[in-house]
file target_25.cif (mmCIF, C-alpha atoms)
data_work
#
loop_
_atom_site.label_atom_id
_atom_site.label_comp_id
_atom_site.auth_asym_id
_atom_site.auth_seq_id
_atom_site.Cartn_x
_atom_site.Cartn_y
_atom_site.Cartn_z
CA MET A 1 208.09 64.84 -2.82
CA ILE A 2 204.32 64.27 -3.05
CA PHE A 3 204.56 60.49 -2.69
CA GLN A 4 206.75 60.87 0.41
CA ASN A 5 204.14 62.93 2.27
CA ILE A 6 201.56 60.69 3.94
CA TRP A 7 198.85 63.35 3.70
CA PHE A 8 199.31 63.80 -0.05
CA VAL A 9 199.29 60.04 -0.55
CA ALA A 10 196.07 59.72 1.45
CA ALA A 11 194.56 62.61 -0.54
CA ILE A 12 195.39 60.88 -3.83
CA TRP A 13 193.77 57.63 -2.73
CA MET A 14 190.62 59.33 -1.43
CA GLY A 15 190.48 61.46 -4.57
CA LEU A 16 190.47 58.28 -6.66
CA ALA A 17 187.76 56.87 -4.38
CA LEU A 18 185.69 60.04 -4.91
CA VAL A 19 186.08 59.75 -8.69
CA ALA A 20 184.97 56.11 -8.46
CA SER A 21 181.85 57.12 -6.48
CA LEU A 22 180.91 59.77 -9.05
CA CYS A 23 181.48 57.36 -11.95
CA SER A 24 179.40 54.71 -10.17
CA ILE A 25 176.49 57.13 -9.72
CA TRP A 26 176.73 58.24 -13.35
CA SER A 27 177.05 54.74 -14.87
CA GLY A 28 174.90 52.71 -12.49
CA ILE A 29 177.76 50.20 -12.07
CA SER A 30 178.80 49.00 -8.61
CA VAL A 31 181.37 51.30 -7.03
CA ALA A 32 183.48 48.25 -6.13
CA LEU A 33 183.98 47.47 -9.82
CA ILE A 34 184.76 51.09 -10.66
CA GLU A 35 187.34 51.21 -7.86
CA ILE A 36 189.02 48.06 -9.20
CA LEU A 37 189.13 49.55 -12.72
CA ILE A 38 190.54 52.84 -11.40
CA GLY A 39 193.17 50.83 -9.55
CA VAL A 40 194.19 49.12 -12.80
CA LEU A 41 194.43 52.45 -14.63
CA ALA A 42 196.23 54.23 -11.78
CA GLY A 43 198.75 51.43 -11.41
CA ASN A 44 199.58 51.11 -15.09
CA PHE A 45 199.36 54.71 -16.30
CA LEU A 46 199.88 56.87 -13.17
CA HIS A 47 202.35 54.38 -11.62
CA LEU A 48 200.50 54.51 -8.31
CA GLN A 49 201.90 52.01 -5.81
CA ALA A 50 200.63 50.46 -2.60
CA ASN A 51 203.97 49.88 -0.92
CA ASN A 52 203.00 51.88 2.20
CA GLU A 53 202.35 49.58 5.13
CA TRP A 54 199.39 51.65 6.31
CA ILE A 55 197.68 51.31 2.91
CA GLY A 56 198.05 47.54 3.13
CA PHE A 57 196.56 47.55 6.62
CA LEU A 58 193.57 49.69 5.60
CA ALA A 59 192.98 47.45 2.59
CA MET A 60 193.17 44.34 4.77
CA LEU A 61 190.81 45.97 7.27
CA GLY A 62 188.43 46.80 4.44
CA SER A 63 188.25 43.17 3.32
CA GLY A 64 187.75 41.99 6.91
CA VAL A 65 184.98 44.47 7.75
CA LEU A 66 183.21 43.83 4.45
CA THR A 67 183.34 40.09 5.07
CA PHE A 68 182.04 40.59 8.61
CA LEU A 69 179.14 42.74 7.39
CA ALA A 70 178.31 40.19 4.69
CA GLY A 71 177.93 37.54 7.39
CA ALA A 72 175.93 39.90 9.61
CA GLU A 73 173.43 40.54 6.79
CA ILE A 74 172.37 36.89 6.68
CA ASP A 75 169.22 36.46 8.76
CA PRO A 76 169.58 33.08 10.55
CA ARG A 77 165.92 32.25 10.03
CA SER A 78 166.07 33.02 6.32
CA LEU A 79 169.34 31.09 6.06
CA LYS A 80 167.66 28.05 7.58
CA ALA A 81 164.69 28.39 5.25
CA ASN A 82 166.91 28.67 2.13
CA LEU A 83 169.60 26.29 3.36
CA ARG A 84 169.19 23.63 0.69
CA ALA A 85 169.60 26.04 -2.21
CA SER A 86 172.55 27.82 -0.57
CA ALA A 87 174.32 24.57 0.31
CA PHE A 88 173.95 22.91 -3.10
CA ILE A 89 174.81 26.01 -5.12
CA GLY A 90 177.70 26.96 -2.82
CA PHE A 91 179.27 23.50 -2.81
CA VAL A 92 179.09 22.97 -6.57
CA SER A 93 180.27 26.54 -7.16
CA PHE A 94 183.48 25.57 -5.33
CA ALA A 95 183.97 21.94 -6.36
CA ALA A 96 183.46 22.20 -10.14
CA PRO A 97 186.02 24.95 -10.89
CA PHE A 98 188.47 23.65 -8.26
CA LEU A 99 188.74 20.19 -9.79
CA LEU A 100 188.59 21.16 -13.47
CA ILE A 101 191.01 24.11 -13.24
CA TRP A 102 193.39 21.98 -11.19
CA LEU A 103 193.38 19.32 -13.94
CA PHE A 104 193.61 21.92 -16.71
CA ALA A 105 196.60 23.64 -15.10
CA GLN A 106 198.40 20.36 -14.46
CA PHE A 107 197.76 18.45 -17.68
CA VAL A 108 197.20 21.22 -20.26
CA LEU A 109 199.39 24.07 -18.99
CA GLY A 110 201.99 21.65 -17.61
CA TRP A 111 202.14 23.15 -14.11
CA PRO A 112 203.43 20.84 -11.33
CA LEU A 113 200.94 19.31 -8.90
CA HIS A 114 201.06 21.89 -6.08
CA GLN A 115 201.09 24.84 -8.49
CA ALA A 116 198.03 23.42 -10.25
CA GLN A 117 196.29 22.96 -6.90
CA ILE A 118 196.91 26.63 -6.01
CA ALA A 119 195.41 27.59 -9.39
CA GLY A 120 192.32 25.47 -8.71
CA ILE A 121 191.86 26.94 -5.23
CA ALA A 122 192.42 30.57 -6.31
CA LEU A 123 189.93 30.33 -9.18
CA SER A 124 187.24 28.35 -7.35
CA THR A 125 186.31 31.27 -5.13
CA THR A 126 183.35 33.61 -5.05
CA SER A 127 183.85 37.17 -3.86
CA VAL A 128 181.75 37.84 -0.77
CA ALA A 129 183.11 41.41 -0.76
CA VAL A 130 182.01 42.20 -4.32
CA VAL A 131 178.65 40.44 -4.05
CA TYR A 132 177.91 42.13 -0.73
CA ALA A 133 178.81 45.55 -2.15
CA VAL A 134 176.50 44.96 -5.13
CA MET A 135 173.66 43.79 -2.86
CA ILE A 136 173.95 46.78 -0.53
CA GLU A 137 174.10 49.35 -3.32
CA GLY A 138 171.02 47.91 -5.00
CA GLY A 139 169.11 47.32 -1.76
CA TYR A 140 168.93 43.58 -2.45
CA SER A 141 170.50 42.32 0.79
CA ASP A 142 167.08 42.26 2.50
CA THR A 143 165.55 39.96 -0.13
CA ALA A 144 165.38 36.18 0.24
CA MET A 145 167.29 35.67 -2.98
CA GLY A 146 170.00 38.12 -1.94
CA LYS A 147 170.45 36.36 1.40
CA MET A 148 170.59 32.99 -0.33
CA ILE A 149 173.32 34.19 -2.71
CA LEU A 150 175.38 35.62 0.16
CA ALA A 151 175.06 32.35 2.07
CA ALA A 152 176.08 30.37 -1.03
CA CYS A 153 179.12 32.65 -1.39
CA PHE A 154 180.11 31.79 2.15
CA ILE A 155 179.85 28.05 1.52
CA THR A 156 181.95 28.37 -1.64
CA ASP A 157 184.68 30.33 0.11
CA PHE A 158 184.56 28.03 3.12
CA GLY A 159 185.32 25.17 0.73
CA THR A 160 188.25 27.21 -0.58
CA VAL A 161 189.60 27.75 2.95
CA LEU A 162 189.26 24.04 3.77
CA ALA A 163 191.05 23.06 0.54
CA LEU A 164 193.87 25.53 1.16
CA GLY A 165 194.19 24.43 4.77
CA GLY A 166 193.92 20.73 4.04
CA LEU A 167 196.48 20.74 1.22
CA PHE A 168 198.96 23.35 2.47
CA ALA A 169 198.31 24.29 6.11
CA ASN A 170 201.12 24.29 8.63
CA PHE A 171 199.58 22.22 11.42
CA ASN A 172 201.06 23.45 14.71
CA ILE A 173 200.06 24.41 18.22
CA TRP A 174 199.02 27.92 17.13
CA LEU A 175 196.44 26.45 14.77
CA VAL A 176 194.94 24.46 17.65
CA VAL A 177 194.94 27.56 19.88
CA PHE A 178 193.28 29.60 17.13
CA VAL A 179 190.52 27.02 16.54
CA VAL A 180 189.78 26.59 20.25
CA ILE A 181 189.66 30.32 21.03
CA MET A 182 187.61 31.07 17.91
CA CYS A 183 185.03 28.42 18.88
CA VAL A 184 184.74 29.90 22.39
CA VAL A 185 184.39 33.45 21.05
CA LEU A 186 181.80 32.40 18.45
CA TRP A 187 179.76 30.62 21.14
CA PHE A 188 179.59 33.63 23.47
CA MET A 189 179.70 36.43 20.87
CA PRO A 190 175.91 36.88 20.44
CA ALA A 191 175.38 37.15 24.22
CA TRP A 192 178.31 39.54 24.66
CA THR A 193 177.16 41.81 21.83
CA LYS A 194 173.55 41.85 23.00
CA SER A 195 174.63 42.62 26.57
CA ILE A 196 176.75 45.60 25.49
CA ILE A 197 173.91 47.00 23.36
CA ASP A 198 171.27 46.49 26.08
CA ARG A 199 173.36 47.92 28.93
CA LEU A 200 175.12 50.75 27.15
CA GLY A 201 172.65 51.48 24.40
CA ALA A 202 173.36 51.91 20.70
CA THR A 203 173.24 55.71 20.64
CA ARG A 204 176.30 56.73 22.66
CA VAL A 205 178.81 58.99 20.95
CA SER A 206 181.69 56.82 22.21
CA GLU A 207 180.31 53.84 20.20
CA PRO A 208 181.36 51.07 22.64
CA GLU A 209 179.57 48.36 20.66
CA VAL A 210 181.42 49.27 17.44
CA LYS A 211 184.75 49.30 19.28
CA PHE A 212 183.94 45.91 20.80
CA ILE A 213 183.28 44.43 17.35
CA PHE A 214 186.54 45.83 16.00
CA PHE A 215 188.43 44.53 19.06
CA VAL A 216 187.15 41.00 18.46
CA LEU A 217 187.91 41.18 14.71
CA PHE A 218 191.45 42.43 15.34
CA PHE A 219 192.11 39.85 18.06
CA LEU A 220 190.87 36.88 16.03
CA GLY A 221 192.63 38.25 12.95
CA GLY A 222 195.89 38.30 14.89
CA LEU A 223 195.39 34.72 16.03
CA ALA A 224 194.48 33.63 12.50
CA THR A 225 197.58 35.14 10.91
CA THR A 226 199.79 33.71 13.68
CA ALA A 227 198.34 30.29 12.88
CA LYS A 228 199.07 30.85 9.15
CA SER A 229 195.36 31.20 8.38
CA GLU A 230 193.48 34.27 7.11
CA ALA A 231 191.80 37.04 9.10
CA VAL A 232 188.74 37.18 6.84
CA LEU A 233 187.59 33.68 7.87
CA PRO A 234 186.89 34.50 11.55
CA ALA A 235 185.48 37.87 10.43
CA TYR A 236 182.80 36.15 8.38
CA LEU A 237 182.00 33.63 11.13
CA VAL A 238 181.71 36.38 13.74
CA GLY A 239 179.32 38.26 11.45
CA LEU A 240 177.28 35.12 10.94
CA VAL A 241 176.83 34.38 14.66
CA VAL A 242 175.86 37.98 15.57
CA ALA A 243 173.46 38.31 12.62
CA GLY A 244 170.48 37.62 14.87
CA VAL A 245 171.51 40.45 17.21
CA PHE A 246 172.07 42.81 14.30
CA LEU A 247 168.65 41.91 12.92
CA ARG A 248 167.10 43.56 15.99
CA ASP A 249 169.48 46.55 15.96
CA LYS A 250 169.95 47.82 12.43
CA THR A 251 171.57 51.03 13.71
CA LEU A 252 174.82 49.22 14.47
CA VAL A 253 174.92 47.66 10.99
CA HIS A 254 174.34 51.01 9.32
CA ARG A 255 177.13 52.66 11.31
CA MET A 256 179.68 49.99 10.50
CA ARG A 257 178.58 49.92 6.86
CA SER A 258 179.05 53.69 6.58
CA ILE A 259 182.51 53.44 8.14
CA ALA A 260 183.52 50.58 5.85
CA PHE A 261 182.31 51.99 2.54
CA ALA A 262 183.50 55.53 3.22
CA MET A 263 186.99 54.74 4.47
CA PHE A 264 188.20 51.14 4.26
CA THR A 265 186.81 49.47 1.13
CA PRO A 266 188.18 52.04 -1.37
CA PHE A 267 191.69 51.11 -0.27
CA TYR A 268 190.85 47.42 -0.65
CA PHE A 269 189.30 47.56 -4.13
CA ILE A 270 191.71 50.15 -5.60
CA ARG A 271 194.67 48.21 -4.23
CA ALA A 272 193.30 45.04 -5.83
CA GLY A 273 193.35 46.77 -9.22
CA LEU A 274 197.01 47.71 -8.73
CA TYR A 275 197.94 44.02 -8.88
CA VAL A 276 197.07 43.89 -12.59
CA SER A 277 200.16 44.63 -14.68
CA LEU A 278 199.10 45.23 -18.28
CA PRO A 279 202.64 44.81 -19.73
CA ALA A 280 202.93 41.43 -17.97
CA LEU A 281 199.43 40.51 -19.08
CA TRP A 282 199.93 40.60 -22.85
CA PRO A 283 202.52 37.77 -23.13
CA ALA A 284 200.27 35.53 -21.05
CA PHE A 285 197.01 36.74 -22.60
CA ALA A 286 196.03 33.32 -23.96
CA VAL A 287 196.57 31.63 -20.59
CA VAL A 288 194.65 34.36 -18.74
CA ALA A 289 191.77 34.21 -21.22
CA GLY A 290 191.69 30.41 -21.08
CA LEU A 291 191.60 30.27 -17.28
CA LEU A 292 188.97 33.02 -17.08
CA LEU A 293 186.82 31.25 -19.64
CA LEU A 294 187.22 27.93 -17.85
CA LYS A 295 186.22 29.47 -14.52
CA MET A 296 183.14 31.05 -16.09
CA LEU A 297 182.14 27.83 -17.89
CA THR A 298 182.54 25.64 -14.81
CA LYS A 299 180.48 28.05 -12.73
CA ILE A 300 177.78 28.18 -15.41
CA VAL A 301 177.65 24.41 -15.88
CA GLY A 302 177.62 23.85 -12.12
CA VAL A 303 175.39 26.66 -10.81
CA TRP A 304 172.88 27.33 -13.62
CA PRO A 305 171.10 23.93 -13.50
CA LEU A 306 170.92 24.05 -9.70
CA ALA A 307 169.47 27.56 -9.77
CA ARG A 308 166.81 26.40 -12.23
CA MET A 309 166.11 23.31 -10.09
CA HIS A 310 165.46 25.64 -7.16
CA PHE A 311 162.65 27.43 -8.99
CA MET A 312 164.52 30.43 -10.39
CA GLY A 313 163.51 31.94 -13.71
CA ARG A 314 166.09 32.21 -16.49
CA ARG A 315 166.97 35.80 -15.64
CA GLU A 316 167.35 35.10 -11.91
CA ALA A 317 169.35 31.92 -12.59
CA ALA A 318 171.71 33.82 -14.89
CA TYR A 319 172.13 36.58 -12.30
CA THR A 320 172.89 34.08 -9.53
CA THR A 321 175.34 32.16 -11.73
CA LEU A 322 177.27 35.29 -12.72
CA LEU A 323 177.56 36.53 -9.13
CA MET A 324 178.79 33.11 -8.04
CA ALA A 325 181.44 33.37 -10.80
CA THR A 326 183.01 36.45 -9.21
CA GLY A 327 186.25 36.24 -7.27
CA LEU A 328 188.49 38.59 -5.35
CA THR A 329 189.18 38.25 -1.63
CA PHE A 330 189.97 34.57 -1.18
CA GLY A 331 191.27 34.30 -4.75
CA THR A 332 194.00 36.89 -4.20
CA ILE A 333 194.66 35.47 -0.73
CA SER A 334 195.19 31.97 -2.17
CA ALA A 335 197.45 33.22 -4.95
CA LEU A 336 199.47 35.34 -2.52
CA PHE A 337 199.78 32.36 -0.18
CA GLY A 338 201.22 30.29 -3.01
CA PHE A 339 203.65 33.04 -4.03
CA GLN A 340 204.89 33.86 -0.51
CA ASN A 341 205.46 30.16 0.23
CA HIS A 342 207.36 29.67 -3.06
CA ILE A 343 204.76 27.28 -4.48
CA ILE A 344 204.13 29.44 -7.57
CA ASP A 345 206.46 31.91 -9.27
CA GLN A 346 205.97 35.61 -10.15
CA ARG A 347 204.58 34.87 -13.62
CA GLN A 348 202.02 32.37 -12.32
CA TYR A 349 201.06 34.74 -9.52
CA THR A 350 200.47 37.56 -12.01
CA ILE A 351 198.36 35.26 -14.18
CA LEU A 352 196.21 34.02 -11.29
CA VAL A 353 195.68 37.46 -9.71
CA THR A 354 194.78 38.94 -13.11
CA VAL A 355 192.21 36.20 -13.71
CA VAL A 356 190.81 36.66 -10.19
CA ILE A 357 190.40 40.42 -10.63
CA LEU A 358 188.90 40.05 -14.11
CA SER A 359 186.45 37.55 -12.62
CA ALA A 360 185.43 40.21 -10.11
CA PHE A 361 184.78 42.72 -12.88
CA VAL A 362 183.45 40.89 -15.95
CA PRO A 363 180.64 38.66 -14.57
CA THR A 364 179.42 41.34 -12.14
CA LEU A 365 179.21 43.91 -14.91
CA VAL A 366 177.29 41.53 -17.18
CA ALA A 367 174.98 40.51 -14.32
CA GLN A 368 174.15 44.12 -13.43
CA LYS A 369 173.67 45.35 -16.98
CA PHE A 370 171.73 42.45 -18.51
CA PHE A 371 170.28 40.16 -15.83
CA GLN A 372 169.55 42.30 -12.76
CA PRO A 373 166.21 41.16 -11.25
CA THR A 374 163.93 43.57 -9.46
CA LYS A 375 163.59 43.51 -5.70
CA THR A 376 160.00 42.33 -6.13
CA THR A 377 161.20 39.36 -8.18
CA MET A 378 163.87 38.49 -5.64
CA HIS A 379 161.32 38.53 -2.81
CA ALA A 380 158.89 36.51 -4.95
CA TRP A 381 161.49 33.79 -5.51
CA GLY A 382 161.80 33.34 -1.73
CA ARG A 383 158.06 32.91 -1.31
CA LEU A 384 157.89 30.42 -4.20
CA TYR A 385 160.89 28.45 -2.92
CA ARG A 386 159.53 28.17 0.62
CA ARG A 387 156.06 27.28 -0.59
CA ARG A 388 157.40 24.48 -2.81
CA LEU A 389 159.53 23.08 0.03
CA GLY A 390 156.95 23.68 2.75
CA THR A 391 159.28 25.80 4.89
CA LEU A 392 158.47 28.96 6.82
CA SER A 393 160.71 31.99 7.16
CA VAL A 394 160.65 35.33 8.90
CA GLU A 395 159.21 37.01 5.79
CA ASP A 396 156.25 34.62 5.81
CA ARG A 397 155.52 35.33 9.47
CA GLU A 398 155.71 39.07 8.86
CA ASP A 399 153.33 38.76 5.90
CA ALA A 400 150.92 36.68 7.98
CA ASP A 401 151.02 39.18 10.83
CA ALA A 402 150.38 42.05 8.40
CA ASN A 403 147.36 40.24 6.93
CA THR A 404 145.79 39.62 10.35
CA ARG A 405 145.97 43.26 11.40
#

call {"tool": "encode", "arguments": {"input": "target_25.cif", "output": "structure tokens"}}
result
Amino acid sequence: MIFQNIWFVAAIWMGLALVASLCSIWSGISVALIEILIGVLAGNFLHLQANNEWIGFLAMLGSGVLTFLAGAEIDPRSLKANLRASAFIGFVSFAAPFLLIWLFAQFVLGWPLHQAQIAGIALSTTSVAVVYAVMIEGGYSDTAMGKMILAACFITDFGTVLALGGLFANFNIWLVVFVVIMCVVLWFMPAWTKSIIDRLGATRVSEPEVKFIFFVLFFLGGLATTAKSEAVLPAYLVGLVVAGVFLRDKTLVHRMRSIAFAMFTPFYFIRAGLYVSLPALWPAFAVVAGLLLLKMLTKIVGVWPLARMHFMGRREAAYTTLLMATGLTFGTISALFGFQNHIIDQRQYTILVTVVILSAFVPTLVAQKFFQPTKTTMHAWGRLYRRRLGTLSVEDREDADANTR
């Protein structure tokens, strides 16, 4: 009776989201992680299900809007200043786990070639959604180090998308149409957004600029799924190209962030936790633990030395490494792609999704509890990095202007 009434179902989900918010405030742990944990508990002990189509849509929308906002938080001038660190860390963060987990799954677990490749792709990811949520809650997204980590996350996940597309994409006319239209939209998007804000203002109750952003995200998401790609990829790219416009109009960012975190992201994170089946987990516990450990080790071996090479202290390097070891959005997308296209079976899908979700929870929890730098330290790293490389960023100009006044 209750689960057949859409209002009761919505009330249950928002009640769980409210509990997650209260637990997050009490514990000091990111609300995204608490929502995932509540999803695991609700799915296994309360038998909560996400078989309603509207829940799936809200969850998908949550991942897309979060990914868009993560891109929009990256100041283009700071990205250019920190490009070397982001590029090196992001590339190695993808390549090391992709290759080693692929080989481990194929030659140690005995999985066939394409199944092993799906495992490598799914576990090479970094979760932009989780990292962005952590940065926003702590107020770290405005720091140079926070922006560098978000940019490195993008490069890692872009490598994942390229690997998935290159190895398994269905090359057809829709893919060409999607790429062409997306390039055109990305080229004109900053001018369109700025024009709407300048002409209509950012204070109207009807929120035309927010509706315009959602229209573009929905349209490109539809093209992406038609072309057998993923809607979160154009969402991130759109956020990235309009970041300069958003830098001058923070009001729009704050509105969309409030909408996303209040309504959409709880469905996304709680639904992610529902994928973890504890009864199915125990028989494959050794495989899950082995893959999780391998992902963590490859991220540590790949990212830690690069973080230290780019002038991070031990605490900051450990924090960066652990956040780069997270996984959720593209990891579950890759595993679901393999399952829906009959590349992997139900058992392998359960294993991969469980490892992906654990990788969203475990390293983020450790990073927050034991290695969280202060905002002052994260700003200081940016100044040190730019001074050593002789680059100049927006923060340096602002500091110089402040000193001359």

call {"tool": "residues_around", "arguments": {"input": "target_25.cif", "residues": "segment 152-156 of chain A", "least_positions_apart": "6", "cutoff": "9 Å", "atoms": "all atoms listed in the file", "output": "list in words"}}
result
Ala70, Gly71, Leu83, Ala85, Ser86, Ala87, Phe88, Ile89, Gly90, Phe91, Val92, Ser93, Phe94, Ala95, Ser124, Thr125, Thr126, Ser127, Val128, Val131, Tyr236, Leu323 and Met324 of chain A

call {"tool": "atom_distance", "arguments": {"input": "target_25.cif", "atom1": "atom CA of Ala10 of chain A", "atom2": "atom CA of Met256 of chain A"}}
result
21.1 Å

call {"tool": "resolve_selection", "arguments": {"input": "target_25.cif", "expression": "the PyMOL selection byres ((chain A and resi 49) around 10)", "output": "MDAnalysis selection string"}}
result
chainID A and resid 3 9 39 42:44 46:48 50:52 55 271 274:275

call {"tool": "residues_around", "arguments": {"input": "target_25.cif", "residues": "Leu16 of chain A", "least_positions_apart": "2", "cutoff": "9 Å", "atoms": "all atoms listed in the file", "output": "list in words"}}
result
Ala11, Ile12, Trp13, Met14, Leu18, Val19, Ala20, Ser21, Glu35, Ile38, Gly39, Ala42, Pro266 and Ile270 of chain A

call {"tool": "atom_distance", "arguments": {"input": "target_25.cif", "atom1": "atom CA of Met378 of chain A", "atom2": "atom CA of Ala325 of chain A"}}
result
19.0 Å

call {"tool": "resolve_selection", "arguments": {"input": "target_25.cif", "expression": "the PyMOL selection byres ((chain A and resi 280) around 12)", "output": "list in words"}}
result
Asn44, Tyr275, Val276, Ser277, Leu278, Pro279, Leu281, Trp282, Pro283, Ala284, Phe285, Val287, Val288, Gln346, Arg347, Gln348, Tyr349, Thr350, Ile351, Val353 and Thr354 of chain A

call {"tool": "residues_near_point", "arguments": {"input": "target_25.cif", "point": "(183.5, 31.9, -18.5)", "cutoff": "12 Å", "atoms": "all atoms listed in the file", "output": "JSON, numbers by chain"}}
result
{"A": [97, 123, 288, 289, 290, 291, 292, 293, 294, 295, 296, 297, 298, 299, 300, 301, 302, 321, 322, 324, 325, 326, 355, 358, 359, 360, 362, 363, 366]}

call {"tool": "atom_distance", "arguments": {"input": "target_25.cif", "atom1": "atom CA of Gly64 of chain A", "atom2": "atom CA of Arg248 of chain A"}}
result
22.6 Å

call {"tool": "resolve_selection", "arguments": {"input": "target_25.cif", "expression": "the PyMOL selection byres ((chain A and resi 220) around 10)", "output": "short mmCIF file (atom, residue, chain, number, x, y, z; two decimals) with C-alpha atoms, in the frame of the given file"}}
result
data_model
loop_
_atom_site.label_atom_id
_atom_site.label_comp_id
_atom_site.auth_asym_id
_atom_site.auth_seq_id
_atom_site.Cartn_x
_atom_site.Cartn_y
_atom_site.Cartn_z
CA PHE A 178 193.28 29.60 17.13
CA VAL A 179 190.52 27.02 16.54
CA ILE A 181 189.66 30.32 21.03
CA MET A 182 187.61 31.07 17.91
CA VAL A 185 184.39 33.45 21.05
CA PHE A 214 186.54 45.83 16.00
CA PHE A 215 188.43 44.53 19.06
CA VAL A 216 187.15 41.00 18.46
CA LEU A 217 187.91 41.18 14.71
CA PHE A 218 191.45 42.43 15.34
CA PHE A 219 192.11 39.85 18.06
CA GLY A 221 192.63 38.25 12.95
CA GLY A 222 195.89 38.30 14.89
CA LEU A 223 195.39 34.72 16.03
CA ALA A 224 194.48 33.63 12.50
CA THR A 225 197.58 35.14 10.91
CA THR A 226 199.79 33.71 13.68
CA GLU A 230 193.48 34.27 7.11
CA ALA A 231 191.80 37.04 9.10
CA VAL A 232 188.74 37.18 6.84
CA LEU A 233 187.59 33.68 7.87
CA PRO A 234 186.89 34.50 11.55
CA ALA A 235 185.48 37.87 10.43
CA VAL A 238 181.71 36.38 13.74
#

call {"tool": "residues_around", "arguments": {"input": "target_25.cif", "residues": "Pro190 of chain A", "least_positions_apart": "5", "cutoff": "7 Å", "atoms": "only C-alpha atoms", "output": "tab-separated table (two decimals) with C-alpha atoms, keeping the file's coordinate frame"}}
result
chain	number	residue	atom	x	y	z
A	241	VAL	CA	176.83	34.38	14.66
A	242	VAL	CA	175.86	37.98	15.57
A	245	VAL	CA	171.51	40.45	17.21

call {"tool": "decode", "arguments": {"input": "target_25.cif", "residues": "segment 123-134 of chain A", "atoms": "N, CA, C and O atoms", "output": "compact mmCIF listing (two decimals), in the first residue's frame"}}
result
# COMPACT_ATOMS: atom_id res chain seq x y z
N LEU A 123 37.11 0.37 -12.52
CA LEU A 123 37.86 0.62 -11.29
C LEU A 123 39.01 1.60 -11.48
O LEU A 123 39.80 1.81 -10.57
N SER A 124 39.10 2.21 -12.66
CA SER A 124 40.13 3.23 -12.89
C SER A 124 39.61 4.63 -12.59
O SER A 124 40.37 5.59 -12.57
N THR A 125 38.32 4.74 -12.32
CA THR A 125 37.68 6.05 -12.25
C THR A 125 37.98 6.79 -10.95
O THR A 125 38.45 6.22 -9.97
N THR A 126 37.68 8.07 -10.99
CA THR A 126 37.64 8.92 -9.80
C THR A 126 36.28 9.58 -9.77
O THR A 126 35.78 10.00 -10.82
N SER A 127 35.67 9.69 -8.60
CA SER A 127 34.31 10.21 -8.53
C SER A 127 34.31 11.73 -8.43
O SER A 127 34.58 12.29 -7.35
N VAL A 128 33.99 12.39 -9.54
CA VAL A 128 33.84 13.84 -9.52
C VAL A 128 32.71 14.23 -8.57
O VAL A 128 32.81 15.21 -7.82
N ALA A 129 31.62 13.44 -8.56
CA ALA A 129 30.46 13.77 -7.73
C ALA A 129 30.82 13.77 -6.24
O ALA A 129 30.49 14.70 -5.50
N VAL A 130 31.50 12.72 -5.79
CA VAL A 130 31.88 12.62 -4.38
C VAL A 130 32.90 13.69 -4.01
O VAL A 130 32.76 14.37 -2.99
N VAL A 131 33.93 13.85 -4.83
CA VAL A 131 34.97 14.83 -4.53
C VAL A 131 34.38 16.24 -4.51
O VAL A 131 34.69 17.04 -3.62
N TYR A 132 33.51 16.53 -5.46
CA TYR A 132 32.89 17.86 -5.49
C TYR A 132 32.04 18.09 -4.25
O TYR A 132 32.08 19.17 -3.65
N ALA A 133 31.26 17.08 -3.85
CA ALA A 133 30.43 17.21 -2.65
C ALA A 133 31.30 17.48 -1.42
O ALA A 133 30.97 18.32 -0.58
N VAL A 134 32.42 16.76 -1.31
CA VAL A 134 33.33 16.96 -0.18
C VAL A 134 33.92 18.37 -0.20
O VAL A 134 34.00 19.05 0.83
